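Data block for model.cif (mmCIF, C-alpha atoms):
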```cif
data_upload
loop_
_atom_site.label_atom_id
_atom_site.label_comp_id
_atom_site.auth_asym_id
_atom_site.auth_seq_id
_atom_site.Cartn_x
_atom_site.Cartn_y
_atom_site.Cartn_z
CA MET A 1 65.34 144.87 73.10
CA LEU A 2 68.36 143.41 74.90
CA PRO A 3 68.13 139.89 76.39
CA ALA A 4 71.02 139.94 78.86
CA TYR A 5 72.96 137.50 81.00
CA ASN A 6 76.28 138.61 82.50
CA ALA A 7 76.63 141.38 79.90
CA ALA A 8 78.15 144.11 82.08
CA ALA A 9 81.47 144.09 80.18
CA THR A 10 79.92 144.76 76.76
CA LEU A 11 76.62 146.54 77.44
CA ARG A 12 78.00 150.10 77.25
CA ARG A 13 79.66 149.48 73.88
CA THR A 14 76.48 147.92 72.50
CA TYR A 15 74.23 150.70 73.78
CA ALA A 16 76.57 153.42 72.45
CA GLU A 17 76.00 152.22 68.87
CA ILE A 18 72.21 151.83 69.02
CA PRO A 19 70.68 154.52 66.74
CA LEU A 20 68.62 156.29 69.40
CA ASP A 21 67.39 158.84 66.86
CA ILE A 22 64.98 156.21 65.49
CA VAL A 23 64.65 153.90 68.51
CA ASP A 24 61.76 154.95 70.76
CA ASP A 25 62.42 152.54 73.62
CA VAL A 26 65.32 150.39 74.78
CA ILE A 27 64.43 147.45 77.03
CA LEU A 28 66.85 145.13 78.80
CA ILE A 29 65.72 141.87 80.38
CA ASP A 30 68.32 140.57 82.83
CA ASP A 31 68.14 136.81 83.39
CA ALA A 32 69.43 136.81 86.99
CA SER A 33 72.97 137.82 86.03
CA ARG A 34 75.80 137.36 88.51
CA ASP A 35 77.62 140.51 87.44
CA GLU A 36 76.73 144.22 87.33
CA THR A 37 74.53 144.07 84.24
CA VAL A 38 71.50 145.63 85.98
CA ALA A 39 73.55 148.43 87.53
CA VAL A 40 75.13 149.30 84.17
CA ALA A 41 71.75 149.23 82.42
CA GLN A 42 70.19 151.51 85.02
CA SER A 43 73.12 153.93 84.80
CA LEU A 44 72.44 154.21 81.07
CA GLY A 45 68.76 154.93 81.66
CA ILE A 46 67.61 151.69 80.03
CA HIS A 47 64.22 150.34 81.07
CA THR A 48 65.31 147.22 82.94
CA VAL A 49 63.46 144.10 84.05
CA ARG A 50 65.32 141.58 86.20
CA HIS A 51 64.34 137.94 86.60
CA THR A 52 64.74 136.81 90.19
CA ARG A 53 65.77 133.39 88.90
CA ASN A 54 67.40 132.30 85.67
CA LEU A 55 64.74 131.34 83.10
CA GLY A 56 67.07 130.42 80.26
CA TYR A 57 67.73 131.97 76.85
CA GLY A 58 64.22 131.35 75.56
CA GLY A 59 62.61 132.28 78.86
CA ASN A 60 64.44 135.60 78.76
CA GLN A 61 63.14 136.36 75.27
CA LYS A 62 59.56 135.55 76.22
CA THR A 63 59.75 138.31 78.83
CA CYS A 64 61.46 140.57 76.27
CA TYR A 65 58.69 140.31 73.70
CA ARG A 66 55.89 140.46 76.26
CA THR A 67 57.39 143.60 77.80
CA ALA A 68 57.92 145.27 74.42
CA LEU A 69 54.33 144.64 73.37
CA ASP A 70 53.04 145.87 76.73
CA ARG A 71 54.99 149.10 76.18
CA GLY A 72 53.35 149.63 72.78
CA ALA A 73 56.09 148.56 70.35
CA ASP A 74 55.13 148.30 66.68
CA ILE A 75 58.52 146.89 65.64
CA VAL A 76 60.77 144.95 68.00
CA VAL A 77 64.47 144.42 67.26
CA MET A 78 66.18 141.77 69.36
CA LEU A 79 69.89 142.54 69.79
CA HIS A 80 72.27 140.64 72.05
CA PRO A 81 74.13 143.08 74.32
CA ASP A 82 77.42 141.17 73.98
CA TYR A 83 78.61 143.43 71.12
CA GLN A 84 78.87 140.48 68.74
CA TYR A 85 76.48 142.06 66.21
CA ALA A 86 76.46 145.56 64.71
CA PRO A 87 73.86 147.70 66.56
CA ARG A 88 73.78 150.34 63.81
CA LEU A 89 71.89 147.90 61.55
CA VAL A 90 68.78 148.43 63.69
CA THR A 91 67.79 151.28 61.35
CA ALA A 92 68.01 149.15 58.20
CA MET A 93 66.24 146.18 59.79
CA ALA A 94 63.36 148.28 61.08
CA SER A 95 63.10 150.03 57.70
CA MET A 96 62.66 146.70 55.92
CA ILE A 97 59.58 146.06 58.05
CA VAL A 98 58.28 149.63 57.79
CA SER A 99 58.46 149.29 53.99
CA GLY A 100 55.70 146.69 54.17
CA GLU A 101 57.77 144.16 52.21
CA TYR A 102 58.72 142.00 55.21
CA ASP A 103 57.17 140.96 58.50
CA ALA A 104 60.45 139.78 60.06
CA VAL A 105 64.13 140.40 59.30
CA LEU A 106 67.20 138.35 60.20
CA ALA A 107 70.71 139.82 60.35
CA SER A 108 72.76 137.13 58.65
CA ARG A 109 76.40 136.51 59.46
CA ILE A 110 76.69 134.20 56.46
CA LEU A 111 75.69 136.63 53.70
CA GLY A 112 78.95 138.15 52.50
CA LYS A 113 82.22 137.12 54.16
CA GLY A 114 81.72 138.51 57.63
CA ALA A 115 81.50 135.33 59.68
CA LEU A 116 85.00 133.87 59.38
CA VAL A 117 86.60 137.31 59.02
CA GLY A 118 84.92 138.31 62.27
CA GLY A 119 86.38 135.32 64.07
CA MET A 120 83.60 132.74 63.98
CA PRO A 121 85.22 129.37 64.83
CA LEU A 122 85.47 127.16 61.76
CA TYR A 123 83.51 124.31 63.36
CA LYS A 124 80.63 126.70 64.13
CA TYR A 125 80.69 128.04 60.60
CA VAL A 126 80.57 124.55 59.10
CA ALA A 127 77.82 123.47 61.52
CA ASN A 128 75.83 126.63 60.73
CA ARG A 129 76.01 126.02 56.98
CA GLY A 130 75.22 122.32 57.34
CA LEU A 131 72.22 122.83 59.61
CA THR A 132 70.91 125.65 57.44
CA PHE A 133 71.16 123.46 54.32
CA VAL A 134 69.08 120.72 55.94
CA GLN A 135 66.60 123.19 57.41
CA ASN A 136 66.03 124.87 54.05
CA ILE A 137 65.20 121.49 52.50
CA LEU A 138 62.85 120.42 55.30
CA MET A 139 61.19 123.80 55.71
CA GLY A 140 61.00 124.83 52.06
CA GLN A 141 62.97 128.06 52.53
CA LYS A 142 66.11 129.71 51.10
CA LEU A 143 67.59 131.48 54.11
CA SER A 144 71.34 131.95 54.43
CA GLU A 145 71.18 131.08 58.13
CA TYR A 146 68.67 130.26 60.87
CA HIS A 147 70.95 130.86 63.84
CA SER A 148 71.48 134.61 64.06
CA GLY A 149 70.60 136.19 67.40
CA TYR A 150 69.85 139.54 65.75
CA ARG A 151 66.22 139.74 64.57
CA ALA A 152 63.45 142.24 63.92
CA TRP A 153 59.72 141.51 64.16
CA SER A 154 56.52 143.36 63.43
CA ARG A 155 53.94 143.58 66.17
CA THR A 156 51.57 141.54 64.00
CA VAL A 157 53.98 138.59 63.99
CA LEU A 158 54.54 138.70 67.74
CA GLU A 159 50.81 138.80 68.44
CA SER A 160 50.09 135.96 66.01
CA ILE A 161 52.53 133.23 67.05
CA ALA A 162 52.56 131.09 70.18
CA LEU A 163 55.82 132.14 71.83
CA ASP A 164 54.93 130.54 75.14
CA ARG A 165 54.84 127.15 73.40
CA CYS A 166 58.52 127.52 72.50
CA SER A 167 61.45 126.16 74.51
CA ASP A 168 63.10 128.13 77.29
CA ASP A 169 66.49 126.99 75.94
CA PHE A 170 68.55 128.03 72.91
CA VAL A 171 66.33 126.25 70.36
CA PHE A 172 63.72 128.95 71.11
CA ASP A 173 65.03 131.05 68.21
CA ASN A 174 64.48 128.27 65.69
CA GLN A 175 61.06 127.36 67.02
CA MET A 176 59.98 131.01 66.85
CA LEU A 177 61.21 131.20 63.27
CA ALA A 178 59.37 127.98 62.40
CA GLN A 179 56.15 129.42 63.82
CA THR A 180 56.64 132.56 61.74
CA MET A 181 57.11 130.49 58.58
CA HIS A 182 54.15 128.27 59.38
CA ALA A 183 51.93 131.35 59.74
CA GLY A 184 52.97 132.53 56.27
CA PHE A 185 54.81 135.70 57.26
CA ARG A 186 57.47 137.16 54.95
CA ILE A 187 61.07 136.89 56.20
CA GLY A 188 63.91 139.03 54.88
CA GLU A 189 67.66 138.98 55.52
CA ILE A 190 70.39 141.59 55.72
CA SER A 191 74.15 141.03 55.79
CA CYS A 192 75.68 141.63 59.22
CA PRO A 193 79.34 141.69 60.30
CA THR A 194 80.05 139.81 63.50
CA ARG A 195 82.72 139.93 66.18
CA TYR A 196 84.02 137.01 68.22
CA PHE A 197 86.14 137.92 71.24
CA ASP A 198 86.58 136.85 74.86
CA ASP A 199 83.65 138.84 76.28
CA ALA A 200 81.21 137.82 73.54
CA SER A 201 78.69 135.21 74.66
CA SER A 202 78.96 131.68 73.33
CA ILE A 203 77.75 128.21 74.22
CA ASN A 204 80.14 125.31 74.73
CA PHE A 205 80.55 122.32 72.39
CA ARG A 206 78.23 120.05 74.38
CA ARG A 207 75.39 122.57 74.41
CA SER A 208 76.06 123.32 70.74
CA CYS A 209 75.44 119.64 69.96
CA ILE A 210 72.22 119.63 71.98
CA TYR A 211 71.16 122.78 70.16
CA GLY A 212 71.94 121.23 66.78
CA LEU A 213 69.80 118.17 67.52
CA GLY A 214 66.98 120.44 68.69
CA VAL A 215 67.21 122.43 65.47
CA LEU A 216 66.95 119.29 63.34
CA LYS A 217 63.99 118.05 65.36
CA THR A 218 62.26 121.42 64.93
CA ALA A 219 62.75 121.31 61.15
CA LEU A 220 61.56 117.68 60.89
CA ASP A 221 58.51 118.32 63.06
CA TYR A 222 57.70 121.35 60.91
CA ARG A 223 57.83 119.24 57.77
CA LEU A 224 55.65 116.49 59.26
CA ASN A 225 53.16 119.06 60.51
CA ARG A 226 52.93 120.70 57.07
CA PHE A 227 52.25 117.30 55.49
CA GLY A 228 49.55 116.55 58.05
CA LEU A 229 51.53 113.63 59.48
CA ARG A 230 51.94 115.20 62.91
CA SER A 231 49.93 117.66 64.96
CA ASP A 232 52.53 119.76 66.74
CA PRO A 233 51.27 121.95 69.61
CA LEU A 234 53.90 124.52 68.59
CA TYR A 235 51.59 125.55 65.75
CA SER A 236 48.27 125.21 67.55
CA PRO A 237 46.02 128.27 67.24
CA SER A 238 44.77 127.71 70.78
CA VAL A 239 47.38 129.19 73.12
CA PRO A 240 46.81 129.42 76.89
CA ALA A 241 47.98 132.60 78.59
CA ALA A 242 51.37 132.19 80.22
CA SER A 243 51.97 133.16 83.81
CA GLU A 244 54.31 136.10 84.40
CA PRO A 245 57.77 135.10 85.67
CA ALA A 246 58.94 136.48 88.98
CA GLN A 247 60.82 139.69 88.27
CA VAL A 248 61.79 143.06 89.66
CA ARG A 249 61.13 146.13 87.55
CA SER A 250 63.16 149.32 87.79
#
```
Represent the supplied structure as structure tokens.
Amino acid sequence: MLPAYNAAATLRRTYAEIPLDIVDDVILIDDASRDETVAVAQSLGIHTVRHTRNLGYGGNQKTCYRTALDRGADIVVMLHPDYQYAPRLVTAMASMIVSGEYDAVLASRILGKGALVGGMPLYKYVANRGLTFVQNILMGQKLSEYHSGYRAWSRTVLESIALDRCSDDFVFDNQMLAQTMHAGFRIGEISCPTRYFDDASSINFRRSCIYGLGVLKTALDYRLNRFGLRSDPLYSPSVPAASEPAQVRS
């Protein structure tokens, strides 16, 4: 599953390393890109869905997961098509779920020494470690990082959590993870090398700060909800059906 926005320059390299011998279906959701992402995806034979307007990072993923479930997926691996993560790890991540030991798997850039070696800016590394430290305390976990964009999920998880209650912005990833923890699912991690280069996607400093504040709010709200001090709709079992976004299917 490839949530894409202006990924034409890196999509071919990403797709070339996906282990198609074990992957039954590759889906790309294009969030109204301004480049040739859709044309490249179609030339590769990827099942492509294009939003007619930009729905944001979280909005893109909502369509990703909905489409994957509609197409019968039992395990969904979310991989950014910007070639920042190692596509070959799809096999190992899916296997961790198939084993029955985990319900979700995160590819961590922090386990090992891959982050800084791969070019992660020092300020992002420090922010990642600091936010993760606080989140682990507030959420009662021991993850190495909460901010990887490379994740695998079982169908059971995706059908059990309220994705449409999550943000359409970058904090979506953390809210989805919080829902997974709240529901009691088992989360595993695997070490993942990462690559930072000009064509790799990244958010600017201002949006990074907004994201960081959103992450802290998510962790605090989770803690308050677990203690019964706040009733957060993010964890409500009653979830209204979301309307389908405008899109063009190929």
Chain and number of each residue from the PyMOL selection byres ((chain A and resi 173-180) around 8), as a PyMOL selection string: chain A and resi 58+146-147+149+157+161-163+166-167+170-172+181-185+215+218-219+222+234-235
Among the residues A:Val76, A:Ala7, A:Val49, A:Val23, the one that comes closest to Leu158 (chain A) [using only C-alpha atoms]: A:Val76
Selection dump of the PyMOL selection byres ((chain A and resi 61) around 9), as a list in words: Leu2, Pro3, Ile29, Gly56, Tyr57, Gly58, Gly59, Asn60, Lys62, Thr63, Cys64, Tyr65, Arg66, Met78, Asp168 and Phe172 of chain A
Neighbour list for Ala152 (chain A) as a list in words, cut-off 10 Å, only C-alpha atoms, skip fewer than 4 positions in-chain: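 Those residues are Met1, Ile75, Val76, Val77, Met78, Leu79, Val90, Met93, Ala94, Ser95, Met96, Ile97, Tyr102, Asp103, Ala104, Val105, Leu106, Ala107, Ile187, Gly188 and Glu189 of chain A.
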Polymer residues at most 10 Å from Asn136 (chain A), all atoms listed in the file, same-chain spacing of 5 or more positions, as a list in words: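 Surrounding residues, per the criterion: Leu131, Gln141, Lys142, Leu143, Ser144, Glu145, Tyr146 and Ala219 of chain A.
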Distance in Å - CA of Leu28 (chain A) versus CA of Thr48 (chain A):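 Atom-to-atom, CA of Leu28 (chain A) to CA of Thr48 (chain A), that is 4.9 Å.
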Hey, what comes out of the PyMOL selection byres ((chain A and resi 120-129) around 8) on this file? Could you write it as a PDB file with C-alpha atoms, in the coordinates of the input?
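Ended up saving to out.pdb:
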```pdb
ATOM      1  CA  ALA A 115      81.500 135.330  59.680  1.00  0.00           C
ATOM      2  CA  LEU A 116      85.000 133.870  59.380  1.00  0.00           C
ATOM      3  CA  VAL A 117      86.600 137.310  59.020  1.00  0.00           C
ATOM      4  CA  GLY A 118      84.920 138.310  62.270  1.00  0.00           C
ATOM      5  CA  GLY A 119      86.380 135.320  64.070  1.00  0.00           C
ATOM      6  CA  GLY A 130      75.220 122.320  57.340  1.00  0.00           C
ATOM      7  CA  LEU A 131      72.220 122.830  59.610  1.00  0.00           C
ATOM      8  CA  THR A 132      70.910 125.650  57.440  1.00  0.00           C
ATOM      9  CA  PHE A 133      71.160 123.460  54.320  1.00  0.00           C
ATOM     10  CA  SER A 144      71.340 131.950  54.430  1.00  0.00           C
ATOM     11  CA  GLU A 145      71.180 131.080  58.130  1.00  0.00           C
ATOM     12  CA  HIS A 147      70.950 130.860  63.840  1.00  0.00           C
ATOM     13  CA  THR A 194      80.050 139.810  63.500  1.00  0.00           C
ATOM     14  CA  ARG A 195      82.720 139.930  66.180  1.00  0.00           C
ATOM     15  CA  TYR A 196      84.020 137.010  68.220  1.00  0.00           C
TER      16      TYR A 196
END
```
Atom-to-atom span, CA of Arg207 (chain A) and CA of Tyr15 (chain A), Å: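 Computing the Euclidean distance for CA of Arg207 (chain A) and CA of Tyr15 (chain A) yields 28.2 Å.
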Residue nearest Ala32 (chain A) among A:Ile210, A:Asn54, A:Ile46, A:Ala9 (counting only C-alpha atoms):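 Of the candidates, the smallest distance to Ala32 (chain A) is held by A:Asn54.
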Non-local contacts of region 85-89 of chain A (7 Å; all atoms listed in the file; under 2 positions in same chain excluded) as a PyMOL selection string: chain A and resi 14+17-19+83+91-93+192-195
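Ranking A:Arg12, A:Asp21, A:Tyr5, A:Leu69 by their shortest atom-to-atom distance to Arg53 (chain A), with all atoms listed in the file included, puts A:Tyr5 first.
In terms of minimum interatomic distance to Asp31 (chain A), A:Ala4 ranks closest within A:Leu11, A:Ala16, A:Val134, A:Ala4, counting all atoms listed in the file.
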Selected residue of minimal separation from Leu213 (chain A) among A:Asp74, A:Thr52, A:Leu111, A:Gln135, counting only C-alpha atoms: A:Gln135
Atomic distance CA of Asn225 (chain A) - CA of Arg165 (chain A), expressed in Å with one decimal: 15.3 Å
Distance criterion (all atoms listed in the file): nearest to His80 (chain A) out of A:Ser108, A:Leu44, A:Ser148, A:Pro233: A:Ser148
Set up a box along x, y and z of the file covering all listed atoms of region 1-20 of chain A, add 6 Å on every one of the six sides, and write the centre and edge lengths in Å to one decimal, as JSON.
```
{"center_x": 73.4, "center_y": 146.9, "center_z": 74.6, "size_x": 28.1, "size_y": 30.8, "size_z": 27.8}
```
Can you patch up region 137-151 of chain A, filling it in to N, CA, C and O atoms, and show the result as a CSV table (one decimal), keeping the file's coordinate frame?
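Done, and the output landed in part13.csv:
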```csv
chain,number,residue,atom,x,y,z
A,137,ILE,N,65.9,122.6,53.2
A,137,ILE,CA,65.2,121.5,52.5
A,137,ILE,C,63.9,121.1,53.2
A,137,ILE,O,62.8,121.0,52.6
A,138,LEU,N,64.0,120.9,54.5
A,138,LEU,CA,62.8,120.4,55.3
A,138,LEU,C,61.8,121.5,55.4
A,138,LEU,O,60.6,121.1,55.5
A,139,MET,N,62.2,122.7,55.4
A,139,MET,CA,61.2,123.8,55.7
A,139,MET,C,60.8,124.6,54.5
A,139,MET,O,60.0,125.5,54.5
A,140,GLY,N,61.4,124.2,53.3
A,140,GLY,CA,61.0,124.8,52.1
A,140,GLY,C,61.4,126.3,52.0
A,140,GLY,O,60.6,127.1,51.4
A,141,GLN,N,62.5,126.7,52.5
A,141,GLN,CA,63.0,128.1,52.5
A,141,GLN,C,64.3,128.2,51.8
A,141,GLN,O,64.9,127.2,51.4
A,142,LYS,N,64.8,129.4,51.7
A,142,LYS,CA,66.1,129.7,51.1
A,142,LYS,C,66.9,130.7,51.9
A,142,LYS,O,67.5,131.7,51.4
A,143,LEU,N,66.9,130.6,53.2
A,143,LEU,CA,67.6,131.5,54.1
A,143,LEU,C,69.1,131.2,54.1
A,143,LEU,O,69.5,130.0,53.9
A,144,SER,N,69.9,132.2,54.4
A,144,SER,CA,71.3,132.0,54.4
A,144,SER,C,71.7,131.4,55.8
A,144,SER,O,72.8,130.7,55.9
A,145,GLU,N,71.0,131.7,56.8
A,145,GLU,CA,71.2,131.1,58.1
A,145,GLU,C,69.9,131.2,59.0
A,145,GLU,O,69.2,132.2,58.9
A,146,TYR,N,69.8,130.3,59.9
A,146,TYR,CA,68.7,130.3,60.9
A,146,TYR,C,69.1,130.6,62.3
A,146,TYR,O,68.3,130.6,63.2
A,147,HIS,N,70.4,130.9,62.5
A,147,HIS,CA,71.0,130.9,63.8
A,147,HIS,C,71.4,132.2,64.3
A,147,HIS,O,72.1,132.3,65.4
A,148,SER,N,71.1,133.3,63.6
A,148,SER,CA,71.5,134.6,64.1
A,148,SER,C,70.7,135.0,65.3
A,148,SER,O,69.5,134.7,65.4
A,149,GLY,N,71.3,135.7,66.2
A,149,GLY,CA,70.6,136.2,67.4
A,149,GLY,C,70.2,137.6,67.2
A,149,GLY,O,69.8,138.3,68.2
A,150,TYR,N,70.2,138.1,66.0
A,150,TYR,CA,69.8,139.5,65.8
A,150,TYR,C,68.7,139.5,64.8
A,150,TYR,O,68.8,139.2,63.6
A,151,ARG,N,67.5,139.9,65.3
A,151,ARG,CA,66.2,139.7,64.6
A,151,ARG,C,65.3,140.9,64.8
A,151,ARG,O,65.2,141.5,65.9
```
